[in-house]
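K.L.:
Sharing structure_27.cif here; it has mmCIF, C-alpha atoms.
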```cif
data_protein
loop_
_atom_site.label_atom_id
_atom_site.label_comp_id
_atom_site.auth_asym_id
_atom_site.auth_seq_id
_atom_site.Cartn_x
_atom_site.Cartn_y
_atom_site.Cartn_z
CA MET L 387 -135.86 30.63 139.95
CA GLY L 388 -134.32 29.19 143.09
CA ALA L 389 -135.06 32.43 144.92
CA LEU L 390 -138.79 31.67 144.69
CA GLY L 391 -138.16 28.39 146.53
CA HIS L 392 -136.78 30.34 149.48
CA PHE L 393 -139.57 32.94 149.41
CA LEU L 394 -142.44 30.43 149.23
CA GLU L 395 -141.05 27.79 151.58
CA ARG L 396 -140.46 30.48 154.22
CA GLU L 397 -144.14 31.39 153.87
CA GLY L 398 -145.16 27.80 154.55
CA ILE L 399 -145.51 26.44 151.00
CA PRO L 400 -143.38 23.32 150.29
CA THR L 401 -141.49 23.64 147.02
CA THR L 402 -139.50 21.56 144.58
CA GLY L 403 -138.07 22.66 141.29
CA ILE L 404 -136.04 22.10 138.18
CA SER L 405 -132.43 23.27 137.93
CA LEU L 406 -131.08 23.94 134.45
CA VAL L 407 -127.76 25.45 135.55
CA ARG L 408 -126.29 23.46 138.41
CA GLU L 409 -123.70 26.11 139.29
CA HIS L 410 -126.46 28.70 139.84
CA THR L 411 -128.50 26.31 141.98
CA GLU L 412 -125.42 25.45 144.06
CA LYS L 413 -125.10 29.14 144.95
CA ILE L 414 -128.78 29.96 145.50
CA ARG L 415 -129.41 26.74 147.47
CA PRO L 416 -133.21 26.43 147.19
CA PRO L 417 -134.82 23.80 149.44
CA ARG L 418 -135.11 21.11 146.71
CA ALA L 419 -133.98 20.94 143.09
CA LEU L 420 -133.81 18.32 140.36
CA TRP L 421 -130.87 19.07 138.08
CA VAL L 422 -131.47 18.26 134.42
CA THR L 423 -128.96 18.48 131.56
CA PHE L 424 -131.45 19.73 129.00
CA GLU L 425 -131.05 22.72 126.71
CA LEU L 426 -132.01 26.08 128.22
CA GLY L 427 -135.62 26.76 127.27
CA ARG L 428 -136.61 23.08 127.54
CA PRO L 429 -136.90 22.28 131.25
CA MET L 430 -139.00 19.15 130.55
CA GLY L 431 -136.49 17.91 128.00
CA ILE L 432 -138.25 16.82 124.82
CA PRO L 433 -141.19 18.55 123.10
CA GLY L 434 -143.99 16.15 122.29
CA ASP L 435 -142.61 13.31 124.45
CA ALA L 436 -145.22 13.05 127.21
CA PRO L 437 -143.74 9.98 128.97
CA PHE L 438 -140.30 11.62 129.14
CA GLN L 439 -141.79 14.86 130.47
CA ARG L 440 -143.90 12.98 132.98
CA ARG L 441 -140.84 11.24 134.39
CA VAL L 442 -139.18 14.65 134.90
CA VAL L 443 -142.23 16.04 136.70
CA GLN L 444 -142.55 12.90 138.81
CA ALA L 445 -138.85 12.95 139.77
CA ALA L 446 -139.06 16.60 140.82
CA LEU L 447 -142.27 16.03 142.82
CA ASP L 448 -140.80 12.94 144.51
CA LEU L 449 -138.23 15.24 146.14
CA LEU L 450 -141.04 16.76 148.23
CA ALA L 451 -140.81 13.72 150.51
CA ARG L 452 -137.29 14.75 151.50
CA THR L 453 -136.53 17.25 154.25
CA ASP L 454 -132.74 16.90 154.18
CA GLY L 455 -132.24 20.00 152.04
CA PRO L 456 -131.06 22.19 150.58
CA LEU L 457 -130.65 19.34 148.14
CA ILE L 458 -129.87 18.91 144.47
CA ALA L 459 -130.75 15.56 142.89
CA ASP L 460 -129.43 14.61 139.45
CA HIS L 461 -132.04 13.49 136.94
CA PRO L 462 -130.81 10.23 135.38
CA GLU L 463 -132.16 10.84 131.86
CA HIS L 464 -130.55 13.01 129.20
CA VAL L 465 -131.51 14.22 125.75
CA ALA L 466 -129.43 12.98 122.84
CA GLU L 467 -128.00 15.59 120.51
CA PRO L 468 -130.13 15.88 117.36
CA ALA L 469 -128.73 14.47 114.16
CA ASP L 470 -126.30 16.77 112.38
CA PHE L 471 -127.89 18.28 109.31
CA THR L 472 -124.67 19.74 107.94
CA GLY L 473 -125.33 21.09 104.52
CA TRP L 474 -129.00 21.66 105.21
CA ALA L 475 -130.32 24.60 103.25
CA CYS L 476 -133.67 26.27 103.35
CA PRO L 477 -135.77 24.49 100.72
CA ILE L 478 -137.57 27.60 99.58
CA ASN L 479 -135.73 30.58 98.30
CA LEU L 480 -135.80 33.23 101.00
CA ALA L 481 -132.29 34.58 100.71
CA PRO L 482 -132.21 38.35 101.26
CA ALA L 483 -130.73 38.93 97.81
CA GLN L 484 -133.86 37.60 96.16
CA ILE L 485 -136.31 39.64 98.18
CA ASP L 486 -136.48 43.39 98.04
CA SER L 487 -138.09 44.19 101.37
CA LEU L 488 -138.73 42.88 104.85
CA ALA L 489 -142.46 43.09 104.19
CA ALA L 490 -142.07 40.85 101.14
CA GLU L 491 -140.16 38.30 103.19
CA VAL L 492 -142.87 38.34 105.86
CA ASP L 493 -145.51 37.81 103.18
CA ARG L 494 -143.52 34.99 101.59
CA LEU L 495 -143.55 33.12 104.89
CA ALA L 496 -147.27 33.46 105.54
CA THR L 497 -148.23 30.19 103.84
CA TRP L 498 -145.69 28.27 105.92
CA TYR L 499 -146.71 30.00 109.11
CA ASP L 500 -150.34 29.09 108.42
CA ARG L 501 -149.34 25.47 107.89
CA ALA L 502 -147.41 25.46 111.18
CA VAL L 503 -150.38 26.89 113.06
CA ALA L 504 -152.65 24.29 111.50
CA ALA L 505 -150.26 21.48 112.42
CA LEU L 506 -149.70 22.64 116.01
CA SER L 507 -153.22 24.02 116.61
CA ARG L 508 -151.61 27.02 118.25
CA THR L 509 -149.16 29.86 117.79
CA THR L 510 -146.86 31.65 120.21
CA VAL L 511 -147.02 34.84 118.13
CA GLY L 512 -149.08 37.54 119.79
CA VAL L 513 -147.17 39.42 122.49
CA SER L 514 -147.04 42.72 120.61
CA GLY L 515 -150.66 42.77 119.49
CA LEU L 516 -149.41 43.71 116.00
CA ASP L 517 -149.93 41.82 112.78
CA MET L 518 -146.67 40.80 111.15
CA ARG L 519 -146.81 43.50 108.47
CA ALA L 520 -147.10 46.15 111.18
CA ALA L 521 -144.36 44.51 113.23
CA SER L 522 -142.01 44.49 110.25
CA ALA L 523 -142.89 48.13 109.55
CA LEU L 524 -141.67 48.94 113.05
CA VAL L 525 -138.34 47.28 112.27
CA ASP L 526 -138.15 49.21 108.98
CA GLN L 527 -138.84 52.43 110.87
CA ALA L 528 -135.98 51.66 113.26
CA LEU L 529 -133.67 50.84 110.34
CA ALA L 530 -134.56 54.19 108.78
CA GLY L 531 -133.23 55.91 111.92
CA ASP L 532 -136.47 56.58 113.78
CA LEU L 533 -136.17 54.26 116.79
CA PRO L 534 -139.58 53.22 118.19
CA GLU L 535 -140.13 52.91 121.93
CA ALA L 536 -137.88 50.07 123.11
CA GLN L 537 -140.56 47.82 124.59
CA ALA L 538 -142.76 48.08 121.49
CA LEU L 539 -139.80 47.25 119.25
CA LYS L 540 -138.72 44.34 121.48
CA GLN L 541 -142.21 42.81 121.44
CA ALA L 542 -142.53 43.26 117.67
CA VAL L 543 -139.13 41.61 117.13
CA ASP L 544 -139.95 38.70 119.43
CA ASP L 545 -143.23 38.12 117.60
CA LEU L 546 -141.50 38.24 114.23
CA LYS L 547 -138.86 35.74 115.37
CA SER L 548 -141.59 33.39 116.60
CA TYR L 549 -143.43 33.85 113.29
CA TYR L 550 -140.31 33.05 111.24
CA LEU L 551 -139.31 30.02 113.30
CA GLU L 552 -142.82 28.62 113.47
CA ALA L 553 -143.10 29.06 109.69
CA ALA L 554 -139.74 27.34 109.15
CA SER L 555 -140.90 24.36 111.23
CA ALA L 556 -143.48 23.69 108.49
CA PHE L 557 -141.02 23.74 105.57
CA PRO L 558 -141.08 20.48 103.57
CA ASP L 559 -137.56 19.64 104.78
CA ALA L 560 -137.59 21.43 108.09
CA GLY L 561 -134.18 20.38 109.43
CA THR L 562 -133.71 20.84 113.18
CA PRO L 563 -134.29 23.79 115.50
CA LYS L 564 -130.54 24.42 115.29
CA THR L 565 -130.50 24.59 111.49
CA ARG L 566 -133.61 26.76 111.46
CA LYS L 567 -131.97 29.24 113.82
CA GLU L 568 -128.89 29.22 111.60
CA TRP L 569 -131.18 29.98 108.66
CA PHE L 570 -132.83 32.82 110.57
CA TRP L 571 -129.56 34.56 111.45
CA SER L 572 -127.59 33.89 108.28
CA GLU L 573 -130.17 33.91 105.50
CA THR L 574 -133.16 36.05 106.36
CA ARG L 575 -133.63 39.74 105.81
CA LEU L 576 -135.00 40.05 109.33
CA GLY L 577 -131.90 38.46 110.86
CA ALA L 578 -129.72 40.90 108.92
CA ALA L 579 -131.96 43.79 110.00
CA LEU L 580 -131.58 42.92 113.68
CA LEU L 581 -127.81 42.67 113.34
CA ALA L 582 -127.81 46.08 111.63
CA LEU L 583 -130.00 47.61 114.33
CA GLN L 584 -127.86 46.44 117.24
CA PRO L 585 -125.14 49.14 117.06
CA ARG L 586 -127.73 51.89 116.58
CA LEU L 587 -129.66 50.80 119.65
CA ALA L 588 -126.45 50.39 121.66
CA ALA L 589 -125.44 53.95 120.74
CA SER L 590 -128.81 55.50 121.63
CA ASP L 591 -129.16 58.14 124.35
CA ASN L 592 -132.17 56.23 125.62
CA PRO L 593 -131.19 53.66 128.29
CA GLN L 594 -134.04 51.32 127.29
CA HIS L 595 -132.71 51.25 123.74
CA ARG L 596 -129.25 50.46 125.06
CA ILE L 597 -130.59 47.52 127.13
CA LEU L 598 -132.29 46.20 124.01
CA GLY L 599 -129.20 46.66 121.86
CA ASN L 600 -126.73 45.26 124.35
CA LEU L 601 -128.69 42.49 126.02
CA THR L 602 -132.07 41.48 124.65
CA LEU L 603 -131.89 41.67 120.85
CA ILE L 604 -129.05 39.38 119.74
CA PRO L 605 -128.48 36.05 121.57
CA ALA L 606 -125.03 35.72 123.12
CA VAL L 607 -124.24 32.81 120.80
CA GLU L 608 -125.03 34.92 117.72
CA ARG L 609 -123.10 38.05 118.66
CA HIS L 610 -120.08 36.85 116.70
CA ARG L 611 -122.09 37.89 113.63
CA LEU L 612 -121.93 41.56 114.65
CA VAL L 613 -119.31 43.41 112.67
CA MET D 352 -126.67 18.27 126.11
CA VAL D 353 -126.13 21.06 128.64
CA LYS D 354 -123.74 19.85 131.28
CA ARG D 355 -121.52 21.68 133.69
CA LEU D 356 -120.56 25.19 132.62
CA SER D 357 -117.01 23.95 132.08
CA GLU D 358 -118.31 21.55 129.43
CA MET D 359 -120.53 24.05 127.61
CA PRO D 360 -119.61 26.22 124.61
CA GLU D 361 -117.52 29.10 125.92
CA VAL D 362 -119.85 31.90 124.78
CA GLU D 363 -122.87 30.39 126.47
CA ALA D 364 -120.93 29.44 129.61
CA ASN D 365 -119.53 32.96 129.93
CA HIS D 366 -122.99 34.45 129.58
CA LEU D 367 -124.27 32.20 132.38
CA ARG D 368 -121.25 32.89 134.59
CA ARG D 369 -121.97 36.62 134.43
CA ILE D 370 -125.46 36.17 135.87
CA GLU D 371 -125.34 37.21 139.48
CA CYS D 372 -126.91 34.70 141.88
CA PRO D 373 -128.44 35.88 145.15
CA ILE D 374 -127.15 34.28 148.34
CA TYR D 375 -129.64 33.30 151.07
CA GLU D 376 -129.46 31.61 154.40
CA ASP D 377 -130.61 28.04 154.02
CA THR D 378 -134.37 27.55 154.12
CA PRO D 379 -135.28 24.24 155.80
CA PRO D 380 -137.50 22.09 153.56
CA LEU D 381 -140.95 21.65 155.08
CA ALA D 382 -142.36 18.20 155.80
CA GLY D 383 -145.76 17.36 154.33
CA LYS D 384 -148.25 14.74 153.25
CA PRO D 385 -147.52 11.97 150.72
CA LEU D 386 -147.60 13.21 147.11
CA GLY D 387 -150.83 11.32 146.46
CA GLU D 388 -152.55 13.59 148.96
CA ARG D 389 -151.02 16.90 147.91
CA ARG D 390 -152.48 19.69 145.83
CA VAL D 391 -149.85 20.90 143.38
CA ALA D 392 -149.40 24.21 141.55
CA ILE D 393 -146.88 24.99 138.83
CA ILE D 394 -144.95 28.23 138.99
CA SER D 395 -143.00 28.97 135.85
CA THR D 396 -140.41 31.69 135.38
CA ALA D 397 -140.69 31.60 131.58
CA GLY D 398 -142.56 34.89 131.33
CA LEU D 399 -145.76 33.12 130.27
CA HIS D 400 -149.13 34.82 130.23
CA ARG D 401 -152.44 34.90 128.46
CA ARG D 402 -152.61 36.97 125.29
CA SER D 403 -154.80 39.54 126.98
CA ASP D 404 -152.43 40.00 129.96
CA ARG D 405 -149.79 42.69 130.23
CA PRO D 406 -146.46 41.48 128.81
CA PHE D 407 -143.48 41.40 131.15
CA ARG D 408 -141.00 44.27 131.07
CA PRO D 409 -137.35 44.47 132.12
CA GLY D 410 -137.05 44.42 135.91
CA ASP D 411 -140.62 43.15 136.32
CA GLY D 412 -140.91 41.08 139.52
CA SER D 413 -144.64 40.51 139.33
CA TYR D 414 -146.49 37.39 138.22
CA ARG D 415 -149.29 36.51 135.84
CA VAL D 416 -152.17 34.17 136.63
CA ILE D 417 -152.72 31.03 134.54
CA PRO D 418 -155.99 29.22 135.30
CA GLY D 419 -155.57 25.44 135.00
CA GLU D 420 -157.98 25.21 132.07
CA THR D 421 -156.28 27.89 129.97
CA PRO D 422 -156.06 26.59 126.36
CA ALA D 423 -152.47 26.17 125.14
CA ASN D 424 -153.07 28.63 122.31
CA GLU D 425 -153.92 31.35 124.83
CA LEU D 426 -150.41 31.36 126.32
CA VAL D 427 -147.59 33.47 124.95
CA MET D 428 -144.14 34.25 126.32
CA SER D 429 -142.69 37.72 126.90
CA HIS D 430 -139.47 36.79 128.67
CA ILE D 431 -136.94 39.52 127.92
CA SER D 432 -133.98 37.13 127.53
CA VAL D 433 -132.94 35.90 124.11
CA ASN D 434 -130.48 33.38 125.52
CA PHE D 435 -132.62 30.27 125.62
CA ASP D 436 -134.38 28.13 123.04
CA ARG D 437 -137.99 29.03 122.22
CA THR D 438 -138.57 26.50 119.47
CA GLY D 439 -139.41 23.80 122.03
CA PHE D 440 -142.11 26.03 123.49
CA GLN D 441 -143.39 26.77 119.99
CA GLN D 442 -143.74 23.07 119.37
CA ASP D 443 -145.14 22.00 122.74
CA LEU D 444 -146.27 24.14 125.66
CA ASN D 445 -145.59 21.27 128.05
CA VAL D 446 -141.84 21.30 127.49
CA VAL D 447 -141.89 24.62 129.38
CA PHE D 448 -145.12 24.46 131.36
CA PRO D 449 -146.02 20.81 132.06
CA ILE D 450 -149.68 21.41 132.83
CA ASP D 451 -150.92 18.35 130.91
CA ARG D 452 -148.36 16.14 132.65
CA LEU D 453 -149.56 17.37 136.02
CA ARG D 454 -153.13 16.73 134.93
CA GLU D 455 -152.21 13.14 134.01
CA LEU D 456 -150.40 12.53 137.29
CA SER D 457 -153.41 13.86 139.13
CA ALA D 458 -155.78 11.64 137.12
CA ASP D 459 -153.55 8.62 137.87
CA GLY D 460 -153.62 9.40 141.57
CA ALA D 461 -149.84 9.92 141.77
CA VAL D 462 -150.63 13.52 142.72
CA GLY D 463 -153.57 14.30 144.99
CA SER D 464 -154.99 17.14 142.91
CA MET D 465 -154.10 20.04 140.65
CA ALA D 466 -154.35 23.62 141.82
CA SER D 467 -157.11 25.56 140.13
CA VAL D 468 -154.68 28.35 139.24
CA HIS D 469 -150.99 28.38 138.27
CA TYR D 470 -148.57 31.26 137.87
CA SER D 471 -145.66 32.63 135.90
CA PHE D 472 -142.95 35.11 136.73
CA MET D 473 -140.37 36.35 134.24
CA GLY D 474 -137.10 34.85 135.42
CA ALA D 475 -134.84 37.81 134.72
CA PHE D 476 -136.33 39.57 137.74
CA PRO D 477 -134.14 41.18 140.39
CA PRO D 478 -134.91 38.97 143.46
CA ASP D 479 -135.77 41.98 145.60
CA ALA D 480 -138.43 42.98 143.05
CA ALA D 481 -140.04 39.54 143.12
CA GLU D 482 -139.99 38.85 146.87
CA PRO D 483 -143.05 40.91 147.87
CA HIS D 484 -145.02 39.41 144.98
CA ALA D 485 -143.95 35.90 146.00
CA ARG D 486 -145.01 36.49 149.61
CA HIS D 487 -148.40 37.68 148.43
CA LEU D 488 -148.63 34.69 146.13
CA ALA D 489 -148.03 32.32 149.07
CA GLY D 490 -151.29 33.58 150.57
CA LEU D 491 -153.16 32.96 147.33
CA LEU D 492 -151.74 29.42 147.12
CA LYS D 493 -152.87 28.66 150.66
CA ALA D 494 -156.33 29.95 149.84
CA ASP D 495 -156.41 27.43 146.97
CA LYS D 496 -155.32 24.72 149.49
CA VAL D 497 -152.03 24.22 147.59
CA ASP D 498 -149.44 22.37 149.64
CA ALA D 499 -146.78 21.74 146.98
CA VAL D 500 -145.31 23.92 144.26
CA LEU D 501 -143.31 22.78 141.24
CA LEU D 502 -140.94 25.57 140.21
CA VAL D 503 -140.03 25.42 136.53
CA PRO D 504 -137.33 27.70 135.10
CA VAL D 505 -136.69 28.24 131.42
#
```
Mind turning this structure into structure tokens?

P.N.:
Amino acid sequence: MGALGHFLEREGIPTTGISLVREHTEKIRPPRALWVTFELGRPMGIPGDAPFQRRVVQAALDLLARTDGPLIADHPEHVAEPADFTGWACPINLAPAQIDSLAAEVDRLATWYDRAVAALSRTTVGVSGLDMRAASALVDQALAGDLPEAQALKQAVDDLKSYYLEAASAFPDAGTPKTRKEWFWSETRLGAALLALQPRLAASDNPQHRILGNLTLIPAVERHRLV
Amino acid sequence: MVKRLSEMPEVEANHLRRIECPIYEDTPPLAGKPLGERRVAIISTAGLHRRSDRPFRPGDGSYRVIPGETPANELVMSHISVNFDRTGFQQDLNVVFPIDRLRELSADGAVGSMASVHYSFMGAFPPDAAEPHARHLAGLLKADKVDAVLLVPV
């Protein structure tokens, strides 16, 4: 990110930006950066909190007045940790043992996904261009030993994950993003499928499959689940 | 709360420590007009694009164009990394791409005006792959009379 600040400012475009990882910004030294302590993936801090987000944008833009850079300013506001939902369990029965196929699990979630889309008036599913049945079929194909092209599989998996997590956000007792991710990786058939696919992709002769298996399939914080 | 790497969970901190950061000579910040007279564009590195655009691929240093009036439901994310939260984006586009906040600041007069077009890269780019695209983009921004850019990582 900070690299773009150098590239654009050298071409005559003044820049300011958000820093999510202070140590990275301290090395890259872009012209101006506002360091925030928010979770990676949430550079404006809190979804749905327009005043909070606006203060972040304003603070970053205010740095444009300064020419004493490279500079890193610390944003004064932080996001409180969400309440701990220890003991939270998915309110509808989706455990892999009760469902005989990935396709059935995908179908079971459709109602909840539809409710989420209605509530949010949007969906972030749609990178692969596949419907979720077709996307899950691609995962089944990979599990059966016939690895699809890496990019197609990656896009199908990312769409499925968005579909699952959007659906879970509409559950009657939806918990927190953290508990929903725990549900995804520990209780869903898809989560188990991705963990099972990882070693096969990592052992592939195809370098794109190896990148997917080693880097872009399982989040670093979930790799402890790999056996 | 994400703090210093030394205060983060070890697995996440180690992942971030392994990311190689490019080193540049310092770029002097340019002086400019007061914010209330500037035209501002957002450049995200979240790998955002319209549904009909080509998704990003590993090593992709190019950008996608996001017209200011693009409906939120038209934007999807094809960032290759799995090491950041996407549930915030699923809930609210603006937590990643604060286009409505910029629109409000512009309407209030705090910002002079909003660019007609905004952009997204996919942040896992090798810097050398992105530099020619960024230089080209600078020309497009000038053509849109943009004189301030808000860079938003993910």

K.L.:
Using all atoms listed in the file, which residue out of L:Leu524, L:Leu551, L:Leu394, L:Pro563 lies closest to Glu425 (chain L)?

P.N.:
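Counting all atoms listed in the file, the residue closest to Glu425 (chain L) is L:Pro563.
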
K.L.:
Rounded to one decimal, what separation in Å do you get between CA of Ala446 (chain L) and CA of Pro417 (chain L)?

P.N.:
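Spanning CA of Ala446 (chain L) to CA of Pro417 (chain L) is a straight-line distance of 12.0 Å.
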
K.L.:
Once the PyMOL selection byres ((chain D and resi 452) around 8) has been evaluated on this model, what residues remain selected, and can you format them as a ChimeraX atom specification?

P.N.:
/L:436,439-440,443 /D:445,449-451,453-456

K.L.:
Which one of D:Ser471, D:Asp479, D:Gly439, D:Asn365 sits closest to chain L if you count only C-alpha atoms?

P.N.:
D:Gly439

K.L.:
Select, from L:Met518, L:Leu581, L:Leu603, L:Leu495, the residue with the minimum atom-to-atom distance to chain D, counting all atoms listed in the file.

P.N.:
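Result for the nearest residue to chain D: L:Leu603.
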
K.L.:
Contacts of Glu388 (chain D) at 12 Å or less, counting all atoms listed in the file, minus same-chain residues fewer than 3 places along, as a list in words?

P.N.:
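So the residues in contact are Leu450 and Ala451 of chain L; Gly383, Lys384, Pro385, Val391, Leu456, Ser457, Gly460, Ala461, Val462, Gly463, Ser464, Met465, Lys496, Val497, Asp498 and Ala499 of chain D.
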
K.L.:
Pull C-alpha atoms from the residues just selected and write them as an mmCIF file, in the coordinates of the input.

P.N.:
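Writing the result to selection.cif gives the following:
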```cif
data_model
loop_
_atom_site.group_PDB
_atom_site.id
_atom_site.type_symbol
_atom_site.label_atom_id
_atom_site.label_comp_id
_atom_site.auth_asym_id
_atom_site.auth_seq_id
_atom_site.Cartn_x
_atom_site.Cartn_y
_atom_site.Cartn_z
ATOM 1 C CA LEU L 450 -141.040 16.760 148.230
ATOM 2 C CA ALA L 451 -140.810 13.720 150.510
ATOM 3 C CA GLY D 383 -145.760 17.360 154.330
ATOM 4 C CA LYS D 384 -148.250 14.740 153.250
ATOM 5 C CA PRO D 385 -147.520 11.970 150.720
ATOM 6 C CA VAL D 391 -149.850 20.900 143.380
ATOM 7 C CA LEU D 456 -150.400 12.530 137.290
ATOM 8 C CA SER D 457 -153.410 13.860 139.130
ATOM 9 C CA GLY D 460 -153.620 9.400 141.570
ATOM 10 C CA ALA D 461 -149.840 9.920 141.770
ATOM 11 C CA VAL D 462 -150.630 13.520 142.720
ATOM 12 C CA GLY D 463 -153.570 14.300 144.990
ATOM 13 C CA SER D 464 -154.990 17.140 142.910
ATOM 14 C CA MET D 465 -154.100 20.040 140.650
ATOM 15 C CA LYS D 496 -155.320 24.720 149.490
ATOM 16 C CA VAL D 497 -152.030 24.220 147.590
ATOM 17 C CA ASP D 498 -149.440 22.370 149.640
ATOM 18 C CA ALA D 499 -146.780 21.740 146.980
#
```
